[in-house]
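Peer 1: upload.txt is the file, holding compact mmCIF, N, CA and C atoms:
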```txt
# COMPACT_ATOMS: atom_id res chain seq x y z
N PRO A 1 -23.56 -7.52 -9.19
CA PRO A 1 -23.63 -6.59 -10.31
C PRO A 1 -23.59 -7.32 -11.64
N LEU A 2 -24.19 -6.70 -12.63
CA LEU A 2 -24.24 -7.34 -13.95
C LEU A 2 -22.93 -7.22 -14.70
N LEU A 3 -22.18 -6.15 -14.46
CA LEU A 3 -20.90 -5.92 -15.15
C LEU A 3 -21.07 -6.01 -16.66
N LEU A 4 -22.01 -5.25 -17.17
CA LEU A 4 -22.28 -5.23 -18.59
C LEU A 4 -21.31 -4.31 -19.32
N ALA A 5 -20.89 -4.73 -20.50
CA ALA A 5 -20.00 -3.91 -21.31
C ALA A 5 -20.65 -2.57 -21.66
N SER A 6 -21.97 -2.57 -21.82
CA SER A 6 -22.67 -1.34 -22.20
C SER A 6 -22.64 -0.29 -21.10
N SER A 7 -22.56 -0.69 -19.84
CA SER A 7 -22.51 0.29 -18.75
C SER A 7 -21.08 0.63 -18.36
N LEU A 8 -20.13 -0.13 -18.87
CA LEU A 8 -18.73 0.09 -18.52
C LEU A 8 -18.23 1.45 -18.99
N GLU A 9 -18.64 1.87 -20.17
CA GLU A 9 -18.21 3.17 -20.72
C GLU A 9 -18.65 4.31 -19.80
N ARG A 10 -19.89 4.26 -19.32
CA ARG A 10 -20.39 5.31 -18.40
C ARG A 10 -19.57 5.33 -17.12
N GLU A 11 -19.25 4.16 -16.60
CA GLU A 11 -18.48 4.07 -15.37
C GLU A 11 -17.06 4.61 -15.57
N ILE A 12 -16.47 4.31 -16.71
CA ILE A 12 -15.13 4.83 -17.02
C ILE A 12 -15.17 6.35 -17.09
N GLU A 13 -16.20 6.90 -17.72
CA GLU A 13 -16.35 8.36 -17.79
C GLU A 13 -16.49 8.97 -16.40
N ALA A 14 -17.26 8.31 -15.53
CA ALA A 14 -17.44 8.82 -14.16
C ALA A 14 -16.13 8.78 -13.38
N VAL A 15 -15.39 7.69 -13.51
CA VAL A 15 -14.09 7.57 -12.82
C VAL A 15 -13.12 8.60 -13.37
N ASP A 16 -13.10 8.79 -14.68
CA ASP A 16 -12.21 9.77 -15.29
C ASP A 16 -12.55 11.18 -14.82
N SER A 17 -13.83 11.48 -14.70
CA SER A 17 -14.25 12.78 -14.21
C SER A 17 -13.76 13.01 -12.78
N GLU A 18 -13.90 12.00 -11.92
CA GLU A 18 -13.39 12.10 -10.55
C GLU A 18 -11.88 12.29 -10.55
N PHE A 19 -11.19 11.56 -11.43
CA PHE A 19 -9.74 11.70 -11.50
C PHE A 19 -9.34 13.11 -11.92
N GLN A 20 -10.00 13.64 -12.95
CA GLN A 20 -9.66 14.98 -13.43
C GLN A 20 -9.88 16.03 -12.35
N SER A 21 -10.92 15.85 -11.54
CA SER A 21 -11.17 16.83 -10.48
C SER A 21 -10.19 16.68 -9.32
N SER A 22 -9.53 15.54 -9.21
CA SER A 22 -8.57 15.33 -8.12
C SER A 22 -7.15 15.73 -8.48
N VAL A 23 -6.88 16.00 -9.75
CA VAL A 23 -5.52 16.31 -10.19
C VAL A 23 -4.96 17.53 -9.45
N GLN A 24 -5.79 18.50 -9.16
CA GLN A 24 -5.34 19.71 -8.48
C GLN A 24 -5.59 19.65 -6.97
N ASN A 25 -5.87 18.46 -6.43
CA ASN A 25 -6.09 18.29 -5.01
C ASN A 25 -4.76 17.99 -4.33
N ASP A 26 -4.36 18.82 -3.38
CA ASP A 26 -3.05 18.67 -2.74
C ASP A 26 -2.90 17.34 -2.01
N ASP A 27 -3.96 16.87 -1.36
CA ASP A 27 -3.88 15.58 -0.66
C ASP A 27 -3.62 14.44 -1.64
N HIS A 28 -4.29 14.47 -2.79
CA HIS A 28 -4.08 13.43 -3.79
C HIS A 28 -2.68 13.53 -4.40
N ARG A 29 -2.18 14.73 -4.54
CA ARG A 29 -0.83 14.91 -5.08
C ARG A 29 0.22 14.34 -4.12
N ILE A 30 0.00 14.52 -2.81
CA ILE A 30 0.91 13.96 -1.81
C ILE A 30 0.82 12.44 -1.83
N GLN A 31 -0.38 11.91 -1.95
CA GLN A 31 -0.53 10.46 -2.04
C GLN A 31 0.21 9.92 -3.26
N GLN A 32 0.11 10.61 -4.39
CA GLN A 32 0.81 10.18 -5.59
C GLN A 32 2.32 10.21 -5.39
N MET A 33 2.81 11.20 -4.63
CA MET A 33 4.24 11.25 -4.34
C MET A 33 4.66 10.01 -3.54
N PHE A 34 3.88 9.64 -2.52
CA PHE A 34 4.19 8.44 -1.75
C PHE A 34 4.20 7.20 -2.64
N CYS A 35 3.25 7.13 -3.54
CA CYS A 35 3.21 5.99 -4.47
C CYS A 35 4.48 5.94 -5.31
N SER A 36 4.94 7.09 -5.75
CA SER A 36 6.13 7.13 -6.59
C SER A 36 7.40 6.79 -5.81
N LEU A 37 7.38 6.93 -4.49
CA LEU A 37 8.53 6.61 -3.65
C LEU A 37 8.57 5.15 -3.23
N SER A 38 7.49 4.43 -3.43
CA SER A 38 7.45 3.03 -3.00
C SER A 38 8.31 2.16 -3.90
N VAL A 39 8.68 1.02 -3.35
CA VAL A 39 9.54 0.08 -4.07
C VAL A 39 8.82 -0.42 -5.32
N SER A 40 9.53 -0.48 -6.42
CA SER A 40 8.97 -0.96 -7.67
C SER A 40 8.44 -2.37 -7.49
N GLY A 41 7.24 -2.62 -7.99
CA GLY A 41 6.63 -3.93 -7.86
C GLY A 41 5.69 -4.06 -6.67
N HIS A 42 5.79 -3.15 -5.71
CA HIS A 42 4.87 -3.16 -4.57
C HIS A 42 3.53 -2.61 -5.05
N PRO A 43 2.40 -3.13 -4.54
CA PRO A 43 1.09 -2.62 -4.98
C PRO A 43 0.95 -1.10 -4.83
N LEU A 44 1.60 -0.50 -3.84
CA LEU A 44 1.51 0.94 -3.67
C LEU A 44 2.16 1.70 -4.82
N SER A 45 3.08 1.05 -5.53
CA SER A 45 3.76 1.72 -6.64
C SER A 45 2.87 1.85 -7.87
N ASN A 46 1.74 1.15 -7.88
CA ASN A 46 0.81 1.23 -9.00
C ASN A 46 0.07 2.55 -8.97
N PHE A 47 -0.43 2.94 -10.11
CA PHE A 47 -1.25 4.13 -10.23
C PHE A 47 -2.49 3.93 -9.35
N PRO A 48 -2.70 4.80 -8.32
CA PRO A 48 -3.76 4.52 -7.35
C PRO A 48 -5.18 4.84 -7.79
N TRP A 49 -5.33 5.53 -8.92
CA TRP A 49 -6.67 5.85 -9.42
C TRP A 49 -6.78 5.33 -10.84
N GLY A 50 -8.00 5.25 -11.29
CA GLY A 50 -8.21 4.93 -12.69
C GLY A 50 -8.57 6.20 -13.43
N ASN A 51 -8.31 6.21 -14.69
CA ASN A 51 -8.77 7.29 -15.57
C ASN A 51 -9.03 6.66 -16.94
N LYS A 52 -9.43 7.49 -17.87
CA LYS A 52 -9.78 6.95 -19.19
C LYS A 52 -8.59 6.24 -19.83
N GLN A 53 -7.40 6.76 -19.63
CA GLN A 53 -6.21 6.15 -20.22
C GLN A 53 -5.96 4.75 -19.64
N THR A 54 -6.01 4.63 -18.29
CA THR A 54 -5.70 3.34 -17.67
C THR A 54 -6.84 2.34 -17.75
N LEU A 55 -8.08 2.83 -17.85
CA LEU A 55 -9.22 1.91 -17.84
C LEU A 55 -9.79 1.60 -19.21
N LYS A 56 -9.42 2.41 -20.22
CA LYS A 56 -9.96 2.16 -21.55
C LYS A 56 -8.86 2.03 -22.60
N GLU A 57 -8.04 3.08 -22.72
CA GLU A 57 -7.06 3.11 -23.80
C GLU A 57 -5.97 2.06 -23.63
N MET A 58 -5.38 1.96 -22.44
CA MET A 58 -4.31 0.98 -22.23
C MET A 58 -4.82 -0.46 -22.39
N PRO A 59 -5.97 -0.82 -21.79
CA PRO A 59 -6.48 -2.18 -22.02
C PRO A 59 -6.74 -2.48 -23.50
N GLN A 60 -7.27 -1.48 -24.24
CA GLN A 60 -7.50 -1.70 -25.67
C GLN A 60 -6.19 -1.92 -26.40
N ASP A 61 -5.17 -1.09 -26.08
CA ASP A 61 -3.87 -1.23 -26.72
C ASP A 61 -3.24 -2.60 -26.43
N GLN A 62 -3.50 -3.13 -25.23
CA GLN A 62 -2.94 -4.42 -24.83
C GLN A 62 -3.89 -5.58 -25.13
N GLN A 63 -4.97 -5.27 -25.84
CA GLN A 63 -5.98 -6.27 -26.22
C GLN A 63 -6.53 -7.03 -25.01
N VAL A 64 -6.80 -6.27 -23.93
CA VAL A 64 -7.39 -6.84 -22.72
C VAL A 64 -8.89 -6.62 -22.79
N ASP A 65 -9.64 -7.68 -22.57
CA ASP A 65 -11.10 -7.58 -22.50
C ASP A 65 -11.44 -7.12 -21.09
N LEU A 66 -11.67 -5.82 -20.92
CA LEU A 66 -11.88 -5.23 -19.60
C LEU A 66 -13.11 -5.82 -18.91
N THR A 67 -14.17 -6.05 -19.64
CA THR A 67 -15.37 -6.62 -19.04
C THR A 67 -15.08 -8.01 -18.48
N ALA A 68 -14.39 -8.83 -19.24
CA ALA A 68 -14.04 -10.17 -18.77
C ALA A 68 -13.11 -10.09 -17.56
N HIS A 69 -12.17 -9.16 -17.60
CA HIS A 69 -11.24 -9.00 -16.47
C HIS A 69 -11.99 -8.55 -15.21
N LEU A 70 -12.94 -7.64 -15.35
CA LEU A 70 -13.73 -7.20 -14.20
C LEU A 70 -14.54 -8.35 -13.63
N ARG A 71 -15.11 -9.18 -14.49
CA ARG A 71 -15.87 -10.34 -14.01
C ARG A 71 -14.95 -11.31 -13.26
N TRP A 72 -13.75 -11.53 -13.79
CA TRP A 72 -12.79 -12.39 -13.10
C TRP A 72 -12.44 -11.80 -11.73
N PHE A 73 -12.14 -10.49 -11.69
CA PHE A 73 -11.77 -9.82 -10.44
C PHE A 73 -12.92 -9.94 -9.42
N TYR A 74 -14.13 -9.74 -9.88
CA TYR A 74 -15.30 -9.85 -9.01
C TYR A 74 -15.39 -11.26 -8.43
N GLN A 75 -15.27 -12.27 -9.27
CA GLN A 75 -15.36 -13.65 -8.80
C GLN A 75 -14.22 -13.99 -7.84
N GLU A 76 -13.05 -13.45 -8.09
CA GLU A 76 -11.86 -13.77 -7.30
C GLU A 76 -11.84 -13.06 -5.95
N TYR A 77 -12.26 -11.80 -5.91
CA TYR A 77 -12.04 -11.00 -4.70
C TYR A 77 -13.30 -10.44 -4.04
N TYR A 78 -14.42 -10.44 -4.72
CA TYR A 78 -15.62 -9.86 -4.12
C TYR A 78 -16.26 -10.90 -3.22
N SER A 79 -15.73 -11.01 -2.01
CA SER A 79 -16.19 -11.98 -1.03
C SER A 79 -16.03 -11.36 0.34
N ALA A 80 -17.01 -11.57 1.19
CA ALA A 80 -16.94 -11.02 2.55
C ALA A 80 -15.69 -11.49 3.27
N SER A 81 -15.20 -12.66 2.91
CA SER A 81 -13.99 -13.18 3.56
C SER A 81 -12.73 -12.40 3.16
N CYS A 82 -12.84 -11.58 2.13
CA CYS A 82 -11.72 -10.75 1.68
C CYS A 82 -11.89 -9.29 2.06
N MET A 83 -12.88 -9.00 2.90
CA MET A 83 -13.19 -7.61 3.23
C MET A 83 -13.10 -7.36 4.72
N THR A 84 -12.86 -6.11 5.05
CA THR A 84 -12.83 -5.65 6.43
C THR A 84 -13.64 -4.37 6.49
N ILE A 85 -14.36 -4.18 7.57
CA ILE A 85 -15.11 -2.94 7.74
C ILE A 85 -14.77 -2.36 9.11
N THR A 86 -14.70 -1.04 9.15
CA THR A 86 -14.51 -0.32 10.39
C THR A 86 -15.66 0.66 10.52
N VAL A 87 -16.30 0.66 11.66
CA VAL A 87 -17.44 1.55 11.90
C VAL A 87 -17.15 2.33 13.17
N VAL A 88 -17.25 3.64 13.08
CA VAL A 88 -17.04 4.51 14.22
C VAL A 88 -18.29 5.35 14.40
N SER A 89 -18.85 5.33 15.59
CA SER A 89 -20.06 6.08 15.83
C SER A 89 -20.28 6.21 17.33
N GLU A 90 -21.11 7.17 17.69
CA GLU A 90 -21.51 7.31 19.09
C GLU A 90 -22.73 6.44 19.41
N ASP A 91 -23.28 5.78 18.41
CA ASP A 91 -24.43 4.91 18.63
C ASP A 91 -24.00 3.65 19.36
N SER A 92 -24.97 2.95 19.91
CA SER A 92 -24.66 1.74 20.68
C SER A 92 -24.12 0.64 19.78
N LEU A 93 -23.39 -0.26 20.39
CA LEU A 93 -22.83 -1.38 19.66
C LEU A 93 -23.93 -2.24 19.03
N ASP A 94 -25.04 -2.42 19.75
CA ASP A 94 -26.16 -3.20 19.20
C ASP A 94 -26.74 -2.53 17.96
N THR A 95 -26.88 -1.21 18.01
CA THR A 95 -27.40 -0.46 16.85
C THR A 95 -26.45 -0.57 15.67
N LEU A 96 -25.17 -0.38 15.94
CA LEU A 96 -24.17 -0.48 14.86
C LEU A 96 -24.16 -1.87 14.24
N GLU A 97 -24.23 -2.88 15.07
CA GLU A 97 -24.23 -4.25 14.55
C GLU A 97 -25.45 -4.48 13.66
N GLU A 98 -26.59 -3.96 14.08
CA GLU A 98 -27.80 -4.11 13.27
C GLU A 98 -27.65 -3.41 11.92
N TRP A 99 -27.11 -2.19 11.95
CA TRP A 99 -26.90 -1.44 10.70
C TRP A 99 -25.94 -2.16 9.77
N VAL A 100 -24.86 -2.66 10.33
CA VAL A 100 -23.86 -3.35 9.52
C VAL A 100 -24.46 -4.62 8.92
N ARG A 101 -25.17 -5.39 9.72
CA ARG A 101 -25.80 -6.62 9.20
C ARG A 101 -26.80 -6.28 8.09
N ASP A 102 -27.62 -5.24 8.30
CA ASP A 102 -28.59 -4.85 7.28
C ASP A 102 -27.91 -4.40 5.99
N SER A 103 -26.80 -3.70 6.12
CA SER A 103 -26.14 -3.11 4.95
C SER A 103 -25.21 -4.07 4.22
N PHE A 104 -24.61 -5.02 4.94
CA PHE A 104 -23.55 -5.81 4.33
C PHE A 104 -23.77 -7.32 4.32
N SER A 105 -24.86 -7.80 4.89
CA SER A 105 -25.05 -9.26 4.97
C SER A 105 -25.28 -9.90 3.60
N ALA A 106 -25.68 -9.11 2.62
CA ALA A 106 -25.93 -9.67 1.29
C ALA A 106 -24.64 -9.91 0.50
N ILE A 107 -23.51 -9.42 1.01
CA ILE A 107 -22.24 -9.66 0.31
C ILE A 107 -21.90 -11.13 0.41
N PRO A 108 -21.69 -11.79 -0.72
CA PRO A 108 -21.41 -13.23 -0.67
C PRO A 108 -20.07 -13.52 0.00
N SER A 109 -19.98 -14.68 0.61
CA SER A 109 -18.71 -15.12 1.18
C SER A 109 -18.36 -16.45 0.53
N HIS A 110 -17.27 -16.45 -0.20
CA HIS A 110 -16.83 -17.66 -0.90
C HIS A 110 -15.81 -18.42 -0.08
N GLY A 111 -15.53 -17.93 1.14
CA GLY A 111 -14.59 -18.61 2.01
C GLY A 111 -13.15 -18.53 1.55
N LYS A 112 -12.88 -17.63 0.62
CA LYS A 112 -11.51 -17.50 0.14
C LYS A 112 -10.68 -16.78 1.18
N PRO A 113 -9.40 -17.13 1.28
CA PRO A 113 -8.56 -16.45 2.27
C PRO A 113 -8.32 -15.00 1.88
N PHE A 114 -8.11 -14.18 2.88
CA PHE A 114 -7.80 -12.78 2.65
C PHE A 114 -6.49 -12.71 1.88
N PRO A 115 -6.43 -11.95 0.78
CA PRO A 115 -5.20 -11.90 -0.02
C PRO A 115 -4.01 -11.40 0.82
N SER A 116 -2.92 -12.07 0.72
CA SER A 116 -1.72 -11.70 1.46
C SER A 116 -0.85 -10.75 0.63
N ILE A 117 -0.29 -9.77 1.32
CA ILE A 117 0.67 -8.88 0.66
C ILE A 117 2.03 -8.99 1.35
N SER A 118 2.20 -10.05 2.16
CA SER A 118 3.46 -10.20 2.90
C SER A 118 4.66 -10.32 1.97
N HIS A 119 4.45 -10.79 0.76
CA HIS A 119 5.55 -10.92 -0.19
C HIS A 119 5.99 -9.56 -0.75
N CYS A 120 5.25 -8.51 -0.42
CA CYS A 120 5.52 -7.18 -0.97
C CYS A 120 6.36 -6.29 -0.06
N GLN A 121 6.79 -6.79 1.06
CA GLN A 121 7.51 -5.94 2.00
C GLN A 121 8.96 -5.80 1.58
N PRO A 122 9.62 -4.72 1.88
CA PRO A 122 9.12 -3.49 2.47
C PRO A 122 8.47 -2.59 1.42
N VAL A 123 7.71 -1.62 1.89
CA VAL A 123 7.03 -0.70 0.99
C VAL A 123 8.00 0.34 0.44
N PHE A 124 8.91 0.81 1.31
CA PHE A 124 9.84 1.88 0.92
C PHE A 124 11.27 1.42 1.11
N ASP A 125 12.15 1.97 0.31
CA ASP A 125 13.58 1.73 0.42
C ASP A 125 14.16 2.83 1.32
N ASN A 126 14.75 2.43 2.44
CA ASN A 126 15.29 3.41 3.40
C ASN A 126 16.26 4.40 2.76
N SER A 127 17.02 3.96 1.77
CA SER A 127 18.04 4.83 1.20
C SER A 127 17.44 6.02 0.44
N THR A 128 16.22 5.86 -0.07
CA THR A 128 15.60 6.98 -0.78
C THR A 128 14.47 7.63 -0.01
N PHE A 129 13.96 6.93 1.01
CA PHE A 129 12.79 7.44 1.71
C PHE A 129 13.13 8.48 2.78
N HIS A 130 14.31 8.39 3.39
CA HIS A 130 14.64 9.29 4.50
C HIS A 130 15.21 10.63 4.01
N GLN A 131 14.38 11.34 3.29
CA GLN A 131 14.76 12.64 2.76
C GLN A 131 13.62 13.62 2.96
N ILE A 132 13.90 14.88 2.73
CA ILE A 132 12.85 15.89 2.77
C ILE A 132 12.32 16.07 1.35
N TYR A 133 11.03 15.94 1.22
CA TYR A 133 10.38 16.16 -0.07
C TYR A 133 9.45 17.35 0.08
N LYS A 134 9.53 18.25 -0.84
CA LYS A 134 8.68 19.43 -0.80
C LYS A 134 7.70 19.37 -1.97
N VAL A 135 6.44 19.54 -1.63
CA VAL A 135 5.39 19.56 -2.64
C VAL A 135 4.82 20.97 -2.66
N VAL A 136 4.92 21.62 -3.79
CA VAL A 136 4.37 22.97 -3.91
C VAL A 136 2.86 22.84 -3.98
N PRO A 137 2.14 23.44 -3.01
CA PRO A 137 0.69 23.27 -3.00
C PRO A 137 0.00 24.05 -4.10
N VAL A 138 -1.14 23.53 -4.51
CA VAL A 138 -1.98 24.23 -5.47
C VAL A 138 -2.75 25.31 -4.72
N LYS A 139 -3.29 24.93 -3.57
CA LYS A 139 -4.01 25.88 -2.73
C LYS A 139 -3.02 26.56 -1.80
N HIS A 140 -3.42 27.70 -1.29
CA HIS A 140 -2.57 28.41 -0.33
C HIS A 140 -2.67 27.68 1.02
N SER A 141 -1.67 26.88 1.32
CA SER A 141 -1.68 26.13 2.57
C SER A 141 -0.26 25.83 2.99
N HIS A 142 -0.13 25.57 4.27
CA HIS A 142 1.15 25.17 4.84
C HIS A 142 0.89 23.88 5.62
N LEU A 143 1.59 22.84 5.28
CA LEU A 143 1.35 21.55 5.88
C LEU A 143 2.68 20.84 6.04
N LEU A 144 2.87 20.22 7.19
CA LEU A 144 4.06 19.43 7.43
C LEU A 144 3.63 18.00 7.70
N ASN A 145 4.06 17.09 6.86
CA ASN A 145 3.84 15.66 7.09
C ASN A 145 5.15 15.04 7.49
N VAL A 146 5.15 14.35 8.61
CA VAL A 146 6.33 13.63 9.06
C VAL A 146 5.98 12.15 9.00
N THR A 147 6.71 11.41 8.20
CA THR A 147 6.42 9.99 7.99
C THR A 147 7.70 9.20 8.17
N TRP A 148 7.62 8.08 8.84
CA TRP A 148 8.78 7.24 9.01
C TRP A 148 8.37 5.79 8.84
N ILE A 149 9.38 4.97 8.60
CA ILE A 149 9.16 3.55 8.39
C ILE A 149 9.30 2.83 9.72
N LEU A 150 8.32 2.03 10.06
CA LEU A 150 8.40 1.21 11.26
C LEU A 150 8.93 -0.16 10.89
N PRO A 151 9.75 -0.72 11.76
CA PRO A 151 10.31 -2.06 11.44
C PRO A 151 9.23 -3.13 11.48
```
Since I need it in another form, could you write the structure as structure tokens?

Peer 2:
Amino acid sequence: PLLLASSLEREIEAVDSEFQSSVQNDDHRIQQMFCSLSVSGHPLSNFPWGNKQTLKEMPQDQQVDLTAHLRWFYQEYYSASCMTITVVSEDSLDTLEEWVRDSFSAIPSHGKPFPSISHCQPVFDNSTFHQIYKVVPVKHSHLLNVTWILP
């Protein structure tokens, strides 16, 4: 990708539009609750979506060159060696392999190791995680999520 500053504004608007439409989505609200329960400093504790505030206003306030940062991120992490794909289908393995090769073989591989997050464990603090949390749904629905921490 070119990662041009001129197209960045359009992309930020598109991401912000997606974010605004997800604000009233119950699944996204539950995901945000899990993010807020994660240990401070863990990647899950970060804001999981971008919006105009996080992608434009905050970088400007902090004098961050977003275009330069995106180019750095692309060079650092956009490598097949840092990616994983899962494909589920009733089609044959040979067909799936052909489709995957056709669709993804152009992704460069810089041979960089897959980024480790082992330094980020644990994700949740047992003392605050083992509670009942109730999320009032936006839509009329009844849902029970049972989540526990595995050692």

Peer 1: For Asp27 in chain A, which residue among A:Phe47, A:Ser141, A:Ile149, A:Pro122 is the nearest when counting only C-alpha atoms?

Peer 2: A:Ser141

Peer 1: Could you go through range 72-108 of chain A and tell me which residues DSSP, when run on the backbone, assigns to alpha helix (DSSP H), listing them as an NGL selection string?

Peer 2: :A and (72-77 or 93-104)

Peer 1: Just to confirm, what's the straight-line distance from CA of His119 in chain A to atom N of Val39 in chain A in Å (one decimal)?

Peer 2: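 These two atoms are separated by 12.7 Å.
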
Peer 1: Between A:Asn51, A:Gln60, A:Thr147, A:Ser118, which one has atoms that come closest to Glu11 in chain A, using only C-alpha atoms?

Peer 2: A:Asn51

Peer 1: For a test of reading the model, state the distance in Å between atom C of Ser127 in chain A and CA of His142 in chain A, rounded to one decimal.

Peer 2: 25.5 Å

Peer 1: Smallest atom-to-atom distance to Leu3 in chain A: which of A:Ala68, A:Val146, A:Val88, A:Val100, using only N, CA and C atoms?

Peer 2: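 Smallest separation from Leu3 in chain A among the options: A:Ala68.
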
Peer 1: Between A:Thr67, A:Ser109, A:Leu37, A:Pro1, which one has atoms that come closest to Phe124 in chain A, using all atoms listed in the file?

Peer 2: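 Between A:Thr67, A:Ser109, A:Leu37, A:Pro1, the residue approaching Phe124 in chain A most closely is A:Leu37.
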
Peer 1: From the options A:Asn145, A:Ser22, A:Thr95, A:Asn46, which residue's atoms come nearest to Tyr133 in chain A, counting only C-alpha atoms?

Peer 2: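 Of A:Asn145, A:Ser22, A:Thr95, A:Asn46, the one nearest Tyr133 in chain A is A:Asn145, counting only C-alpha atoms.
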
Peer 1: A:Gly41, A:Gly111, A:Pro59, A:Pro137: which is nearest Ala80 in chain A, counting only N, CA and C atoms?

Peer 2: A:Gly111

Peer 1: With all atoms of range 97-111 of chain A from the file as input, state the centre and edge lengths in Å to one decimal of the axis-aligned box that has 8 Å extra on each side, as lines of an AutoDock Vina configuration file.

Peer 2:
```
center_x = -20.9
center_y = -10.0
center_z = 7.1
size_x = 31.4
size_y = 33.2
size_z = 32.0
```

Peer 1: May I ask for the distance between atom C of Lys112 in chain A and CA of Ser81 in chain A, given in Å to one decimal place?

Peer 2: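 Those two atoms sit 5.4 Å apart.
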
Peer 1: Need the shell around Trp49 in chain A: protein/DNA/RNA residues with any atom at most 8 Å away, counting all atoms listed in the file. Skip same-chain ones fewer than 4 positions apart. Format as an MDAnalysis selection string?

Peer 2: chainID A and resid 15 19 54:55

Peer 1: Would you fill the gaps in range 135-146 of chain A so it has N, CA, C and O atoms, then print it as a PDB file, keeping the file's coordinate frame?

Peer 2:
```pdb
ATOM      1  N   VAL A 135       6.440  19.540  -1.630  1.00  0.00           N
ATOM      2  CA  VAL A 135       5.390  19.560  -2.640  1.00  0.00           C
ATOM      3  C   VAL A 135       4.820  20.970  -2.660  1.00  0.00           C
ATOM      4  O   VAL A 135       4.344  21.454  -1.639  1.00  0.00           O
ATOM      5  N   VAL A 136       4.920  21.620  -3.790  1.00  0.00           N
ATOM      6  CA  VAL A 136       4.370  22.970  -3.910  1.00  0.00           C
ATOM      7  C   VAL A 136       2.860  22.840  -3.980  1.00  0.00           C
ATOM      8  O   VAL A 136       2.326  22.196  -4.883  1.00  0.00           O
ATOM      9  N   PRO A 137       2.140  23.440  -3.010  1.00  0.00           N
ATOM     10  CA  PRO A 137       0.690  23.270  -3.000  1.00  0.00           C
ATOM     11  C   PRO A 137       0.000  24.050  -4.100  1.00  0.00           C
ATOM     12  O   PRO A 137       0.481  25.083  -4.554  1.00  0.00           O
ATOM     13  N   VAL A 138      -1.140  23.530  -4.510  1.00  0.00           N
ATOM     14  CA  VAL A 138      -1.980  24.230  -5.470  1.00  0.00           C
ATOM     15  C   VAL A 138      -2.750  25.310  -4.720  1.00  0.00           C
ATOM     16  O   VAL A 138      -2.847  26.445  -5.166  1.00  0.00           O
ATOM     17  N   LYS A 139      -3.290  24.930  -3.570  1.00  0.00           N
ATOM     18  CA  LYS A 139      -4.010  25.880  -2.730  1.00  0.00           C
ATOM     19  C   LYS A 139      -3.020  26.560  -1.800  1.00  0.00           C
ATOM     20  O   LYS A 139      -1.943  26.041  -1.519  1.00  0.00           O
ATOM     21  N   HIS A 140      -3.420  27.700  -1.290  1.00  0.00           N
ATOM     22  CA  HIS A 140      -2.570  28.410  -0.330  1.00  0.00           C
ATOM     23  C   HIS A 140      -2.670  27.680   1.020  1.00  0.00           C
ATOM     24  O   HIS A 140      -3.668  27.810   1.736  1.00  0.00           O
ATOM     25  N   SER A 141      -1.670  26.880   1.320  1.00  0.00           N
ATOM     26  CA  SER A 141      -1.680  26.130   2.570  1.00  0.00           C
ATOM     27  C   SER A 141      -0.260  25.830   2.990  1.00  0.00           C
ATOM     28  O   SER A 141       0.670  25.858   2.187  1.00  0.00           O
ATOM     29  N   HIS A 142      -0.130  25.570   4.270  1.00  0.00           N
ATOM     30  CA  HIS A 142       1.150  25.170   4.840  1.00  0.00           C
ATOM     31  C   HIS A 142       0.890  23.880   5.620  1.00  0.00           C
ATOM     32  O   HIS A 142       0.044  23.859   6.513  1.00  0.00           O
ATOM     33  N   LEU A 143       1.590  22.840   5.280  1.00  0.00           N
ATOM     34  CA  LEU A 143       1.350  21.550   5.880  1.00  0.00           C
ATOM     35  C   LEU A 143       2.680  20.840   6.040  1.00  0.00           C
ATOM     36  O   LEU A 143       3.528  20.872   5.137  1.00  0.00           O
ATOM     37  N   LEU A 144       2.870  20.220   7.190  1.00  0.00           N
ATOM     38  CA  LEU A 144       4.060  19.430   7.430  1.00  0.00           C
ATOM     39  C   LEU A 144       3.630  18.000   7.700  1.00  0.00           C
ATOM     40  O   LEU A 144       2.862  17.741   8.640  1.00  0.00           O
ATOM     41  N   ASN A 145       4.060  17.090   6.860  1.00  0.00           N
ATOM     42  CA  ASN A 145       3.840  15.660   7.090  1.00  0.00           C
ATOM     43  C   ASN A 145       5.150  15.040   7.490  1.00  0.00           C
ATOM     44  O   ASN A 145       6.162  15.197   6.791  1.00  0.00           O
ATOM     45  N   VAL A 146       5.150  14.350   8.610  1.00  0.00           N
ATOM     46  CA  VAL A 146       6.330  13.630   9.060  1.00  0.00           C
ATOM     47  C   VAL A 146       5.980  12.150   9.000  1.00  0.00           C
ATOM     48  O   VAL A 146       5.040  11.708   9.651  1.00  0.00           O
TER      49      VAL A 146
END
```
